[in-house]
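Colleague: See entry_14.cif below, with mmCIF, C-alpha atoms.
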data_final
#
loop_
_atom_site.group_PDB
_atom_site.id
_atom_site.type_symbol
_atom_site.label_atom_id
_atom_site.label_comp_id
_atom_site.auth_asym_id
_atom_site.auth_seq_id
_atom_site.Cartn_x
_atom_site.Cartn_y
_atom_site.Cartn_z
ATOM 1 C CA MET M 1 0.000 0.000 0.000
ATOM 2 C CA PRO M 2 1.162 3.621 -0.420
ATOM 3 C CA GLY M 3 3.231 4.530 2.606
ATOM 4 C CA ASP M 4 4.674 1.049 3.049
ATOM 5 C CA PRO M 5 8.499 0.887 3.044
ATOM 6 C CA ASP M 6 8.518 -1.237 -0.122
ATOM 7 C CA TRP M 7 6.116 0.994 -2.091
ATOM 8 C CA PRO M 8 7.884 2.096 -5.336
ATOM 9 C CA ALA M 9 8.661 5.805 -4.974
ATOM 10 C CA GLY M 10 8.276 6.472 -8.699
ATOM 11 C CA LEU M 11 4.536 5.820 -8.511
ATOM 12 C CA GLU M 12 4.095 9.112 -6.671
ATOM 13 C CA ASP M 13 4.693 10.912 -9.980
ATOM 14 C CA LEU M 14 1.431 9.455 -11.299
ATOM 15 C CA GLY M 15 -0.557 11.647 -8.927
ATOM 16 C CA VAL M 16 -4.270 10.778 -9.032
ATOM 17 C CA HIS M 17 -3.503 8.005 -11.528
ATOM 18 C CA ALA M 18 -1.329 6.085 -9.055
ATOM 19 C CA PRO M 19 -2.578 2.602 -8.103
ATOM 20 C CA LEU M 20 -4.398 2.132 -4.826
ATOM 21 C CA ALA M 21 -2.419 -1.005 -4.003
ATOM 22 C CA LEU M 22 -0.077 -3.558 -5.549
ATOM 23 C CA TRP M 23 -0.160 -7.340 -5.348
ATOM 24 C CA TRP M 24 3.191 -9.032 -5.822
ATOM 25 C CA ARG M 25 5.004 -12.334 -5.702
ATOM 26 C CA GLY M 26 8.699 -12.640 -4.934
ATOM 27 C CA PRO M 27 11.345 -12.568 -2.196
ATOM 28 C CA ALA M 28 11.183 -9.885 0.450
ATOM 29 C CA HIS M 29 13.938 -7.753 -1.060
ATOM 30 C CA ALA M 30 12.573 -7.818 -4.623
ATOM 31 C CA LEU M 31 10.865 -4.416 -4.656
ATOM 32 C CA GLY M 32 14.140 -2.710 -3.796
ATOM 33 C CA ALA M 33 15.150 -3.290 -7.418
ATOM 34 C CA PHE M 34 13.172 -0.226 -8.525
ATOM 35 C CA ALA M 35 15.774 2.116 -7.064
ATOM 36 C CA GLN M 36 18.083 1.257 -9.947
ATOM 37 C CA SER M 37 15.970 -0.102 -12.783
ATOM 38 C CA ILE M 38 15.448 0.424 -16.505
ATOM 39 C CA ALA M 39 12.392 -0.638 -18.504
ATOM 40 C CA LEU M 40 13.027 -2.588 -21.719
ATOM 41 C CA VAL M 41 9.921 -2.887 -23.891
ATOM 42 C CA GLY M 42 9.054 -3.686 -27.483
ATOM 43 C CA ALA M 43 6.934 -5.583 -29.938
ATOM 44 C CA ARG M 44 5.426 -9.010 -29.344
ATOM 45 C CA ALA M 45 6.109 -9.979 -32.969
ATOM 46 C CA ALA M 46 9.840 -9.428 -32.588
ATOM 47 C CA THR M 47 12.378 -10.211 -35.278
ATOM 48 C CA ARG M 48 15.662 -12.041 -34.693
ATOM 49 C CA TYR M 49 17.354 -8.658 -34.792
ATOM 50 C CA GLY M 50 15.048 -7.303 -32.065
ATOM 51 C CA GLU M 51 15.503 -10.336 -29.837
ATOM 52 C CA HIS M 52 19.277 -10.156 -30.244
ATOM 53 C CA VAL M 53 19.272 -6.466 -29.293
ATOM 54 C CA ALA M 54 17.034 -7.213 -26.285
ATOM 55 C CA MET M 55 19.318 -9.988 -25.096
ATOM 56 C CA GLU M 56 22.468 -7.861 -25.390
ATOM 57 C CA ALA M 57 20.840 -4.810 -23.780
ATOM 58 C CA SER M 58 19.373 -6.717 -20.837
ATOM 59 C CA ALA M 59 22.572 -8.617 -20.089
ATOM 60 C CA GLY M 60 24.691 -5.484 -20.445
ATOM 61 C CA LEU M 61 22.498 -3.450 -18.103
ATOM 62 C CA VAL M 62 22.451 -6.244 -15.526
ATOM 63 C CA ASP M 63 26.255 -6.299 -15.645
ATOM 64 C CA ARG M 64 26.148 -2.578 -14.808
ATOM 65 C CA GLY M 65 23.968 -3.177 -11.760
ATOM 66 C CA PHE M 66 20.538 -2.355 -13.179
ATOM 67 C CA ALA M 67 17.348 -4.313 -12.695
ATOM 68 C CA ILE M 68 15.173 -4.951 -15.761
ATOM 69 C CA VAL M 69 11.481 -4.016 -15.767
ATOM 70 C CA SER M 70 9.104 -5.232 -18.479
ATOM 71 C CA GLY M 71 5.676 -6.726 -19.150
ATOM 72 C CA ALA M 72 6.367 -10.473 -19.575
ATOM 73 C CA ALA M 73 4.794 -10.543 -23.065
ATOM 74 C CA TYR M 74 6.078 -12.590 -25.965
ATOM 75 C CA GLY M 75 8.847 -11.100 -28.068
ATOM 76 C CA ILE M 76 11.014 -8.296 -26.684
ATOM 77 C CA ASP M 77 9.605 -8.388 -23.121
ATOM 78 C CA GLY M 78 10.177 -12.092 -22.699
ATOM 79 C CA MET M 79 13.712 -11.949 -24.089
ATOM 80 C CA ALA M 80 14.597 -9.052 -21.758
ATOM 81 C CA HIS M 81 13.436 -11.063 -18.726
ATOM 82 C CA LYS M 82 15.196 -14.246 -19.866
ATOM 83 C CA ALA M 83 18.508 -12.498 -20.492
ATOM 84 C CA ALA M 84 18.357 -10.792 -17.090
ATOM 85 C CA LEU M 85 17.782 -14.129 -15.350
ATOM 86 C CA ALA M 86 20.516 -15.798 -17.402
ATOM 87 C CA SER M 87 22.908 -13.059 -16.277
ATOM 88 C CA ARG M 88 21.875 -13.652 -12.648
ATOM 89 C CA GLY M 89 20.305 -10.214 -12.441
ATOM 90 C CA ARG M 90 17.071 -8.901 -10.981
ATOM 91 C CA THR M 91 13.980 -8.486 -13.122
ATOM 92 C CA VAL M 92 10.407 -7.341 -12.484
ATOM 93 C CA ALA M 93 7.325 -8.217 -14.539
ATOM 94 C CA PHE M 94 4.097 -6.188 -14.486
ATOM 95 C CA LEU M 95 0.985 -8.178 -15.392
ATOM 96 C CA ALA M 96 -2.341 -7.036 -16.840
ATOM 97 C CA GLY M 97 -4.229 -9.526 -14.667
ATOM 98 C CA GLY M 98 -3.904 -10.996 -11.197
ATOM 99 C CA VAL M 99 -0.532 -12.354 -10.111
ATOM 100 C CA ASP M 100 -2.148 -15.763 -9.730
ATOM 101 C CA ARG M 101 -3.103 -15.817 -13.434
ATOM 102 C CA PRO M 102 0.138 -16.057 -15.442
ATOM 103 C CA TYR M 103 -0.241 -14.513 -18.881
ATOM 104 C CA PRO M 104 0.649 -15.357 -21.570
ATOM 105 C CA SER M 105 0.256 -19.061 -20.874
ATOM 106 C CA GLY M 106 3.463 -19.836 -22.728
ATOM 107 C CA HIS M 107 5.395 -17.863 -20.110
ATOM 108 C CA VAL M 108 4.158 -19.744 -17.042
ATOM 109 C CA ASP M 109 7.611 -21.187 -16.329
ATOM 110 C CA LEU M 110 9.291 -17.838 -17.012
ATOM 111 C CA LEU M 111 6.989 -16.028 -14.586
ATOM 112 C CA GLU M 112 7.685 -18.658 -11.936
ATOM 113 C CA ARG M 113 11.411 -18.016 -12.340
ATOM 114 C CA ILE M 114 10.870 -14.267 -12.146
ATOM 115 C CA ALA M 115 8.811 -14.678 -8.967
ATOM 116 C CA GLY M 116 11.564 -16.825 -7.485
ATOM 117 C CA GLU M 117 14.370 -14.331 -8.084
ATOM 118 C CA GLY M 118 12.632 -11.010 -8.727
ATOM 119 C CA ALA M 119 9.022 -9.837 -8.588
ATOM 120 C CA VAL M 120 5.754 -10.358 -10.440
ATOM 121 C CA ILE M 121 3.449 -7.403 -9.783
ATOM 122 C CA SER M 122 -0.083 -6.267 -10.600
ATOM 123 C CA GLU M 123 -2.404 -3.522 -9.434
ATOM 124 C CA LEU M 124 -5.319 -5.911 -9.931
ATOM 125 C CA PRO M 125 -6.478 -8.346 -7.228
ATOM 126 C CA CYS M 126 -5.947 -12.056 -7.545
ATOM 127 C CA GLY M 127 -8.306 -13.701 -9.987
ATOM 128 C CA ALA M 128 -8.588 -10.658 -12.280
ATOM 129 C CA ALA M 129 -8.441 -11.544 -15.970
ATOM 130 C CA PRO M 130 -6.129 -9.698 -18.367
ATOM 131 C CA THR M 131 -7.966 -7.523 -20.921
ATOM 132 C CA LYS M 132 -6.850 -5.222 -23.722
ATOM 133 C CA TRP M 133 -7.364 -2.004 -21.791
ATOM 134 C CA ARG M 134 -5.605 -3.441 -18.744
ATOM 135 C CA PHE M 135 -2.476 -3.983 -20.833
ATOM 136 C CA LEU M 136 -2.478 -0.280 -21.700
ATOM 137 C CA GLN M 137 -3.237 0.590 -18.081
ATOM 138 C CA ARG M 138 -0.298 -1.390 -16.689
ATOM 139 C CA ASN M 139 2.111 0.380 -19.072
ATOM 140 C CA ARG M 140 2.040 3.513 -16.915
ATOM 141 C CA LEU M 141 3.361 1.433 -13.982
ATOM 142 C CA ILE M 142 6.276 0.146 -16.047
ATOM 143 C CA ALA M 143 7.206 3.709 -17.031
ATOM 144 C CA ALA M 144 6.708 5.228 -13.558
ATOM 145 C CA THR M 145 8.714 2.673 -11.588
ATOM 146 C CA SER M 146 11.761 2.786 -13.887
ATOM 147 C CA LEU M 147 14.483 5.403 -14.134
ATOM 148 C CA ALA M 148 14.256 5.260 -17.946
ATOM 149 C CA THR M 149 12.337 3.449 -20.678
ATOM 150 C CA ILE M 150 14.018 1.933 -23.740
ATOM 151 C CA VAL M 151 12.003 0.789 -26.773
ATOM 152 C CA LEU M 152 14.071 -1.908 -28.490
ATOM 153 C CA GLU M 153 11.872 -2.778 -31.462
ATOM 154 C CA ALA M 154 8.360 -1.563 -32.246
ATOM 155 C CA GLY M 155 6.011 -1.222 -35.177
ATOM 156 C CA TRP M 156 4.253 2.021 -36.077
ATOM 157 C CA ARG M 157 1.293 1.233 -33.781
ATOM 158 C CA SER M 158 3.001 -1.014 -31.245
ATOM 159 C CA GLY M 159 1.626 -1.022 -27.695
ATOM 160 C CA SER M 160 5.128 -0.313 -26.421
ATOM 161 C CA LEU M 161 4.753 3.231 -27.800
ATOM 162 C CA ASN M 162 2.075 3.685 -25.138
ATOM 163 C CA THR M 163 4.671 2.914 -22.469
ATOM 164 C CA ALA M 164 7.035 5.385 -24.133
ATOM 165 C CA GLY M 165 4.315 8.032 -24.057
ATOM 166 C CA HIS M 166 3.846 7.563 -20.312
ATOM 167 C CA ALA M 167 7.604 7.831 -19.770
ATOM 168 C CA ALA M 168 7.760 11.084 -21.737
ATOM 169 C CA THR M 169 4.783 12.518 -19.846
ATOM 170 C CA LEU M 170 6.437 11.685 -16.518
ATOM 171 C CA GLY M 171 9.704 13.277 -17.609
ATOM 172 C CA ARG M 172 11.599 10.000 -17.593
ATOM 173 C CA PRO M 173 14.502 9.606 -20.040
ATOM 174 C CA LEU M 174 13.319 7.839 -23.182
ATOM 175 C CA GLY M 175 15.540 5.859 -25.550
ATOM 176 C CA ALA M 176 14.890 3.999 -28.785
ATOM 177 C CA VAL M 177 17.024 1.516 -30.688
ATOM 178 C CA PRO M 178 17.112 2.113 -34.449
ATOM 179 C CA GLY M 179 16.642 -0.702 -36.940
ATOM 180 C CA PRO M 180 16.786 -1.166 -40.695
ATOM 181 C CA VAL M 181 14.879 1.645 -42.421
ATOM 182 C CA THR M 182 13.165 -0.996 -44.556
ATOM 183 C CA SER M 183 11.864 -2.923 -41.526
ATOM 184 C CA PRO M 184 8.255 -2.176 -40.429
ATOM 185 C CA ALA M 185 9.182 -3.769 -37.086
ATOM 186 C CA SER M 186 11.411 -0.764 -36.299
ATOM 187 C CA ALA M 187 9.128 1.979 -37.657
ATOM 188 C CA GLY M 188 7.875 2.798 -34.158
ATOM 189 C CA CYS M 189 11.412 3.326 -32.846
ATOM 190 C CA HIS M 190 12.213 5.643 -35.727
ATOM 191 C CA ARG M 191 8.976 7.508 -35.030
ATOM 192 C CA LEU M 192 9.993 8.028 -31.389
ATOM 193 C CA ILE M 193 13.378 9.409 -32.427
ATOM 194 C CA ARG M 194 11.910 11.690 -35.100
ATOM 195 C CA GLU M 195 8.729 12.946 -33.424
ATOM 196 C CA TYR M 196 9.168 12.477 -29.678
ATOM 197 C CA ASP M 197 12.819 13.373 -29.083
ATOM 198 C CA ALA M 198 13.748 9.886 -27.914
ATOM 199 C CA VAL M 199 17.504 9.419 -27.604
ATOM 200 C CA CYS M 200 18.998 7.059 -30.170
ATOM 201 C CA VAL M 201 20.756 4.280 -28.228
ATOM 202 C CA THR M 202 22.539 1.260 -29.637
ATOM 203 C CA THR M 203 24.397 -0.332 -26.723
ATOM 204 C CA ALA M 204 23.856 -1.064 -23.039
ATOM 205 C CA ALA M 205 26.474 1.572 -22.207
ATOM 206 C CA GLU M 206 24.481 4.247 -24.039
ATOM 207 C CA MET M 207 21.300 3.139 -22.298
ATOM 208 C CA ALA M 208 22.985 3.396 -18.899
ATOM 209 C CA GLU M 209 24.129 6.931 -19.768
ATOM 210 C CA LEU M 210 20.490 8.049 -19.847
ATOM 211 C CA VAL M 211 20.198 7.645 -16.078
ATOM 212 C CA ALA M 212 23.785 8.116 -14.957
ATOM 213 C CA GLU M 213 23.050 11.489 -13.337
ATOM 214 C CA HIS M 214 20.106 10.012 -11.418
ATOM 215 C CA LEU M 215 22.351 7.653 -9.476
ATOM 216 C CA VAL M 216 24.632 10.203 -7.809
ATOM 217 C CA GLN M 217 23.818 13.883 -7.275
ATOM 218 C CA VAL M 218 26.987 15.988 -7.308
ATOM 219 C CA THR M 219 27.424 19.632 -6.457
ATOM 220 C CA LEU M 220 28.663 21.667 -9.408
ATOM 221 C CA ASP M 221 31.182 24.292 -8.323
ATOM 222 C CA PHE M 222 31.645 26.887 -11.059
ATOM 223 C CA PRO M 223 33.870 29.962 -10.859
ATOM 224 C CA GLU M 224 31.950 33.042 -9.786
ATOM 225 C CA SER M 225 32.876 34.690 -13.097
ATOM 226 C CA GLU M 226 30.821 32.073 -14.948
ATOM 227 C CA LEU M 227 27.614 31.891 -12.942
ATOM 228 C CA GLY M 228 27.882 34.627 -10.344
ATOM 229 C CA LEU M 229 27.533 34.257 -6.605
ATOM 230 C CA GLU M 230 24.026 32.880 -6.926
ATOM 231 C CA GLY M 231 25.134 30.102 -9.283
ATOM 232 C CA SER M 232 27.716 28.364 -7.143
ATOM 233 C CA GLY M 233 26.772 25.192 -5.335
ATOM 234 C CA ARG M 234 23.945 24.132 -7.659
ATOM 235 C CA THR M 235 23.364 20.440 -8.245
ATOM 236 C CA SER M 236 23.335 18.983 -11.733
ATOM 237 C CA GLU M 237 19.531 18.746 -11.652
ATOM 238 C CA GLN M 238 19.176 22.411 -10.663
ATOM 239 C CA VAL M 239 21.462 23.446 -13.530
ATOM 240 C CA ARG M 240 19.433 21.395 -16.021
ATOM 241 C CA VAL M 241 16.132 22.870 -14.811
ATOM 242 C CA PHE M 242 17.578 26.396 -14.876
ATOM 243 C CA ASP M 243 18.712 25.852 -18.478
ATOM 244 C CA ALA M 244 15.216 24.615 -19.393
ATOM 245 C CA LEU M 245 13.559 27.777 -18.066
ATOM 246 C CA SER M 246 12.669 30.696 -20.327
ATOM 247 C CA GLY M 247 13.064 34.325 -19.357
ATOM 248 C CA ARG M 248 9.817 35.309 -21.102
ATOM 249 C CA SER M 249 7.491 32.313 -21.554
ATOM 250 C CA PRO M 250 6.230 30.585 -18.393
ATOM 251 C CA ARG M 251 6.697 26.820 -18.535
ATOM 252 C CA GLY M 252 4.857 24.198 -16.523
ATOM 253 C CA ILE M 253 6.526 21.471 -14.496
ATOM 254 C CA GLY M 254 5.648 18.807 -17.063
ATOM 255 C CA ASP M 255 7.165 20.839 -19.897
ATOM 256 C CA LEU M 256 10.315 21.511 -17.863
ATOM 257 C CA ALA M 257 10.599 17.818 -16.978
ATOM 258 C CA ARG M 258 10.507 16.891 -20.669
ATOM 259 C CA ARG M 259 13.072 19.545 -21.632
ATOM 260 C CA ALA M 260 15.433 18.695 -18.768
ATOM 261 C CA GLY M 261 14.995 14.927 -19.000
ATOM 262 C CA LEU M 262 14.050 14.667 -15.319
ATOM 263 C CA SER M 263 11.077 13.418 -13.320
ATOM 264 C CA THR M 264 8.399 15.900 -12.263
ATOM 265 C CA MET M 265 9.348 15.303 -8.629
ATOM 266 C CA SER M 266 12.994 16.206 -9.348
ATOM 267 C CA VAL M 267 11.939 19.325 -11.269
ATOM 268 C CA SER M 268 9.690 20.477 -8.411
ATOM 269 C CA ALA M 269 12.541 20.087 -5.934
ATOM 270 C CA ALA M 270 14.954 21.960 -8.198
ATOM 271 C CA LEU M 271 12.453 24.775 -8.763
ATOM 272 C CA GLY M 272 12.015 25.134 -5.023
ATOM 273 C CA ALA M 273 15.756 25.608 -4.581
ATOM 274 C CA LEU M 274 16.005 27.996 -7.538
ATOM 275 C CA GLY M 275 13.059 29.980 -6.180
ATOM 276 C CA LEU M 276 14.707 30.386 -2.775
ATOM 277 C CA GLU M 277 17.889 31.408 -4.538
ATOM 278 C CA GLY M 278 16.011 34.043 -6.519
ATOM 279 C CA ALA M 279 16.988 32.537 -9.861
ATOM 280 C CA ALA M 280 13.419 31.588 -10.819
ATOM 281 C CA ARG M 281 9.896 32.678 -9.954
ATOM 282 C CA GLU M 282 6.448 31.174 -10.389
ATOM 283 C CA ARG M 283 3.675 32.839 -12.359
ATOM 284 C CA GLU M 284 0.054 31.804 -12.792
ATOM 285 C CA THR M 285 0.838 29.737 -15.889
ATOM 286 C CA GLY M 286 4.255 28.369 -14.954
ATOM 287 C CA TRP M 287 7.820 29.181 -14.015
ATOM 288 C CA VAL M 288 10.206 31.722 -15.590
ATOM 289 C CA ARG M 289 13.872 32.502 -15.167
ATOM 290 C CA ASN M 290 14.696 35.743 -13.351
ATOM 291 C CA ALA M 291 16.695 38.225 -15.358
#
As structure tokens, how would this structure be written, given the file I've shared?
Modeller:
Amino acid sequence: MPGDPDWPAGLEDLGVHAPLALWWRGPAHALGAFAQSIALVGARAATRYGEHVAMEASAGLVDRGFAIVSGAAYGIDGMAHKAALASRGRTVAFLAGGVDRPYPSGHVDLLERIAGEGAVISELPCGAAPTKWRFLQRNRLIAATSLATIVLEAGWRSGSLNTAGHAATLGRPLGAVPGPVTSPASAGCHRLIREYDAVCVTTAAEMAELVAEHLVQVTLDFPESELGLEGSGRTSEQVRVFDALSGRSPRGIGDLARRAGLSTMSVSAALGALGLEGAARERETGWVRNA
């Protein structure tokens, strides 16, 4: 339940759309994986290329200490989970039905392995059947509980683009793996890069770079000649939010989160510090940078 020690902190960014409770299966420490996790999602009808990319990405991220979050579907999701388990890493699967109703049926054994070493989670009570709209509903949980979302292979109308949309709305870093320009299976990834400012990533190292600054917050000490007295001592997140502000056009927290590549919670905290510093002020329609 919200307020419990194991409740994923990222769900707070969903506001009124946050789940009322979560049902889960797994060892006691499993939910701690969210503190350092990346979502790998993609098409069910994956190609050999997509599955190979998913395997390499999942194993590479596990080697770097990340947990893998996905939806346990056929194709990209299943390969991401399998590679994480094969690399002796942690993985979390969000279901569109109750945790006692493994879906798809072909992944019963895989879900048992995930529950044994990671976590199988749902916002629906036991016995609930998976439905089409519940698959779309659970995508927001995948995006909210992860530090970043990577789309590995997706068609033009793939359901994984829905997860990417939630990640962008929440201000989470969003990455997409390019594919052959002649492949319809990668058209969705190319669409994310072209229309939604997703970062083009091709290796696990590049995927890890998307969230590197979220792991350790460092104080940036600039010479006074560069930023002035009020600029010294800002954290990296405060600098990114300050750069995303406009001196004339007020910008909302969601817009700033997208521009800065941060969560709405991080942007709110940074704006509070910048406001106390006098570097930014809030208007009726958003925040602006002080001259």
Colleague: So, counting only C-alpha atoms, which residue among M:Thr163, M:Glu117, M:Arg157, M:Gly97 is closest to Thr131 of chain M?
Modeller: M:Gly97
Colleague: Please write as a CSV table (one decimal) with C-alpha atoms, in the coordinates of the input the full residue list that the PyMOL selection byres ((chain M and resi 83-91) around 9) yields on this file.
Modeller:
chain,number,residue,atom,x,y,z
M,30,ALA,CA,12.6,-7.8,-4.6
M,33,ALA,CA,15.2,-3.3,-7.4
M,37,SER,CA,16.0,-0.1,-12.8
M,54,ALA,CA,17.0,-7.2,-26.3
M,55,MET,CA,19.3,-10.0,-25.1
M,56,GLU,CA,22.5,-7.9,-25.4
M,57,ALA,CA,20.8,-4.8,-23.8
M,58,SER,CA,19.4,-6.7,-20.8
M,59,ALA,CA,22.6,-8.6,-20.1
M,60,GLY,CA,24.7,-5.5,-20.4
M,61,LEU,CA,22.5,-3.4,-18.1
M,62,VAL,CA,22.5,-6.2,-15.5
M,63,ASP,CA,26.3,-6.3,-15.6
M,65,GLY,CA,24.0,-3.2,-11.8
M,66,PHE,CA,20.5,-2.4,-13.2
M,67,ALA,CA,17.3,-4.3,-12.7
M,68,ILE,CA,15.2,-5.0,-15.8
M,69,VAL,CA,11.5,-4.0,-15.8
M,70,SER,CA,9.1,-5.2,-18.5
M,78,GLY,CA,10.2,-12.1,-22.7
M,79,MET,CA,13.7,-11.9,-24.1
M,80,ALA,CA,14.6,-9.1,-21.8
M,81,HIS,CA,13.4,-11.1,-18.7
M,82,LYS,CA,15.2,-14.2,-19.9
M,92,VAL,CA,10.4,-7.3,-12.5
M,93,ALA,CA,7.3,-8.2,-14.5
M,113,ARG,CA,11.4,-18.0,-12.3
M,114,ILE,CA,10.9,-14.3,-12.1
M,117,GLU,CA,14.4,-14.3,-8.1
M,118,GLY,CA,12.6,-11.0,-8.7
M,119,ALA,CA,9.0,-9.8,-8.6
M,120,VAL,CA,5.8,-10.4,-10.4
Colleague: Between M:Arg25, M:Arg251, M:Arg172, M:His52, which residue has the minimum interatomic distance to Met265 of chain M, considering all atoms listed in the file?
Modeller: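 The closest residue to Met265 of chain M is M:Arg172.
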Colleague: Kindly indicate which residue among M:Ala279, M:Leu40, M:Ile142, M:Leu124 lies nearest to Val53 of chain M, using only C-alpha atoms for the distances.
Modeller: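 Closest residue, counting only C-alpha atoms: M:Leu40.
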Colleague: Between atom CA of Phe242 of chain M and atom CA of Tyr196 of chain M, what is the distance, to one decimal in Å?
Modeller: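 Separation of atom CA of Phe242 of chain M and atom CA of Tyr196 of chain M: 22.0 Å.
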